[in-house]
Amino acid sequence: MTHILGTQKRCFKTWNTWDKIFLFILILFTCVFFYFLFASMEDFSLSRLLQYFISINENEIKCGILLNGLFMTIRLSFWCLLIAFISGGIIGTLSAHKKGLSALPSKIYILSLRNMPPLILLFLVFFFSSNALTELLINFEYSIAQLNPFWKQSFYLLIAPEGQLDRMFAATITLGLYEGAYIAEIIRAGIESVSKGQWEAGKATGMTKWKIRRYIVAPQAMKQSIAPLAGQSISTIKDSAIASIISLQELTFQSIELMNVTGKTIEIWVLTALCYFCLAFLLESLGKKYEHSIQWKPHS
C-alpha cells in the first residue's frame, strides 16, 4: 500500500544482534559514568544544591544564582534568535535563485561569518563597541535610570540588567548575526527545494510573484526548513555560553563564579548541563510539535 507523505505511521524494524550489543554497551557506559560521577562527589547534599536555584528564608523566596543565570541565558537567546531569524530570513529569501554578482553580497555575509569562530567575533564586536559606542551606551543607560520604576525595572528584566547593557549588546549582535548566517542558508535551501514546476503552475493560474511566494513556495519551504531551524535555535542556546567570556552574567558565568566560591565542581556543572539540556529539549519538543501540526492531511 502506498502512503501519502506525512500520513504514514511510524514503524520500527525488529532488533538485530548489533542493536542489542550497542544498547548493552550504551547502558554499561552510562552506569560506569554515573558510578564514578557520584563516587567523586564528597559531602553531596541535594538541598544545598537546590538553594542555588531557589532559597527560602523566613517565608521569603529568592531566586538563586543559577536561576538568575538561567533567566539571563533565556533572555540572551531570545534576542539573539530574534535578530538571527530577521537577518537570516531576509538574506535567505533575497539570495534564493541568485547567481553571479547578484548573489555576491549574501555570499560575503554568509562566508565571512560562518568561517569565523564566534568567540573571535564576540571579541571584535565587544572591543569595537567599547571604543566606538561607549558614550552612546552610557548615555542610553543613564536615560533608562531616569525613568519611572515600572519602565526601568521592565527594561532591566526584559532587555539587560543594570550595568550590563554593553555586554548584552555585544553578545546579542554577535550571536544574532552569526546564527543568522546559518539560518540564511537554511531558508535559501528551503526556497530552492521547491520545484520549478510549482512556480510555473502558479504563473499559469495568473498569480503574481508575491502570491506565488506567499501561498505556494513559503508553505513548502517552511515545511522543509522546520527541523534544521529548530536545530539551529538549539545551537544558539548552547552558543550563548561564550558570552561568559565577557562577564555577561548568564548561566555559564554564574556557574563558574559559584564553582570558585563553593568548590563543588562536579555538582555545579552537572546542574548547569541539566539546565541547558532542559532548554534544548523544550525547544526541540516545540519544534517537533509545530512540524507535526503542519503535516499535510488528506480530506476525508
# chains A, B, ... in the order shown; residues from 1 in each chain; ligands from 1
>>> select_by_dssp(residues="stretch 19-254 of chain A", states="helix (DSSP H, G or I)", output="NGL selection string")
:A and (19-39 or 46-50 or 65-95 or 100-114 or 118-132 or 134-145 or 149-158 or 165-192 or 196-204 or 209-246 or 251-254)
>>> closest_atom_pairs(of="stretch 28-100 of chain A", to="stretch 110-124 of chain A", cutoff="10 Å", atoms="only C-alpha atoms", output="JSON lines")
{"residue": "A:Gly88", "atom": "CA", "partner": "A:Ile110", "partner_atom": "CA", "distance": 9.3}
{"residue": "A:Ile91", "atom": "CA", "partner": "A:Ile110", "partner_atom": "CA", "distance": 9.1}
{"residue": "A:Gly92", "atom": "CA", "partner": "A:Ile110", "partner_atom": "CA", "distance": 9.7}
>>> residues_around(residues="A:Ile186", least_positions_apart="4", cutoff="9 Å", atoms="only C-alpha atoms", output="compact mmCIF listing (two decimals) with all heavy atoms, in the first residue's frame")
# COMPACT_ATOMS: atom_id res chain seq x y z
N GLY A 88 18.61 36.43 8.94
CA GLY A 88 18.71 35.23 8.12
C GLY A 88 17.54 35.06 7.18
O GLY A 88 17.71 34.64 6.03
N GLY A 89 16.33 35.41 7.65
CA GLY A 89 15.17 35.30 6.79
C GLY A 89 15.22 36.24 5.60
O GLY A 89 14.92 35.85 4.47
N GLY A 92 18.29 35.10 3.34
CA GLY A 92 18.00 33.83 2.70
C GLY A 92 16.95 33.96 1.62
O GLY A 92 17.06 33.33 0.55
N ALA A 181 23.60 33.82 9.76
CA ALA A 181 24.25 33.32 8.55
C ALA A 181 23.85 31.88 8.27
O ALA A 181 23.64 31.49 7.11
CB ALA A 181 25.77 33.44 8.70
N TYR A 182 23.74 31.07 9.30
CA TYR A 182 23.30 29.69 9.12
C TYR A 182 21.83 29.62 8.76
O TYR A 182 21.42 28.82 7.90
CB TYR A 182 23.56 28.89 10.41
CG TYR A 182 25.02 28.61 10.66
CD1 TYR A 182 25.80 29.51 11.39
CD2 TYR A 182 25.62 27.45 10.20
CE1 TYR A 182 27.14 29.26 11.64
CE2 TYR A 182 26.96 27.18 10.44
CZ TYR A 182 27.71 28.10 11.16
OH TYR A 182 29.05 27.84 11.40
N GLY A 190 15.62 25.93 1.59
CA GLY A 190 14.21 25.57 1.63
C GLY A 190 13.44 26.14 0.45
O GLY A 190 12.60 25.46 -0.15
N ILE A 191 13.72 27.40 0.10
CA ILE A 191 13.04 28.02 -1.04
C ILE A 191 13.44 27.34 -2.34
O ILE A 191 12.59 27.05 -3.20
CB ILE A 191 13.35 29.52 -1.07
CG1 ILE A 191 12.74 30.22 0.14
CG2 ILE A 191 12.83 30.15 -2.36
CD1 ILE A 191 13.09 31.68 0.25
N SER A 225 12.09 23.40 6.16
CA SER A 225 13.08 24.11 6.98
C SER A 225 12.85 24.01 8.47
O SER A 225 13.71 24.42 9.25
CB SER A 225 13.10 25.60 6.59
OG SER A 225 13.34 25.76 5.21
N PRO A 228 15.73 21.82 10.49
CA PRO A 228 17.03 22.48 10.63
C PRO A 228 16.96 23.82 11.37
O PRO A 228 17.91 24.19 12.07
CB PRO A 228 17.49 22.68 9.18
CG PRO A 228 16.29 22.53 8.34
CD PRO A 228 15.39 21.60 9.07
N LEU A 229 15.84 24.54 11.26
CA LEU A 229 15.71 25.79 12.01
C LEU A 229 15.62 25.53 13.51
O LEU A 229 16.18 26.28 14.31
CB LEU A 229 14.47 26.55 11.54
CG LEU A 229 14.55 27.25 10.18
CD1 LEU A 229 13.22 27.86 9.81
CD2 LEU A 229 15.65 28.30 10.17
>>> select_by_dssp(residues="stretch 49-132 of chain A", states="strand (DSSP E or B)", output="short mmCIF file (atom, residue, chain, number, x, y, z; two decimals) with C-alpha atoms, in the first residue's frame")
data_model
loop_
_atom_site.label_atom_id
_atom_site.label_comp_id
_atom_site.auth_asym_id
_atom_site.auth_seq_id
_atom_site.Cartn_x
_atom_site.Cartn_y
_atom_site.Cartn_z
CA ILE A 54 15.64 28.95 44.93
CA SER A 55 16.36 29.96 48.51
CA ILE A 56 13.64 30.23 51.17
CA ASN A 57 14.44 32.25 54.28
CA GLU A 60 10.80 34.85 51.75
CA ILE A 61 11.53 33.24 48.39
CA LYS A 62 14.53 34.45 46.40
CA CYS A 63 15.98 33.33 43.10
#
>>> residues_around(residues="stretch 208-217 of chain A", least_positions_apart="4", cutoff="7 Å", atoms="only C-alpha atoms", output="list in words")
Ile191, Val194, Trp199, Gly202, Lys203 and Ala221 of chain A
>>> residues_around(residues="A:Tyr156", least_positions_apart="4", cutoff="12 Å", atoms="only C-alpha atoms", output="ChimeraX atom specification")
/A:71-72,75,141,144-145,147,149-152,160-165,168
>>> atom_distance(atom1="atom CA of A:Ile234", atom2="atom CA of A:Glu284")
7.4 Å
>>> closest_residue(among="A:Ser240, A:Ser87, A:Gln220, A:Asn16", to="A:Ala184", atoms="only C-alpha atoms")
A:Ser87
>>> closest_residue(among="A:Glu267, A:Ala273, A:Leu158, A:Tyr290", to="A:Arg48", atoms="only C-alpha atoms")
A:Glu267
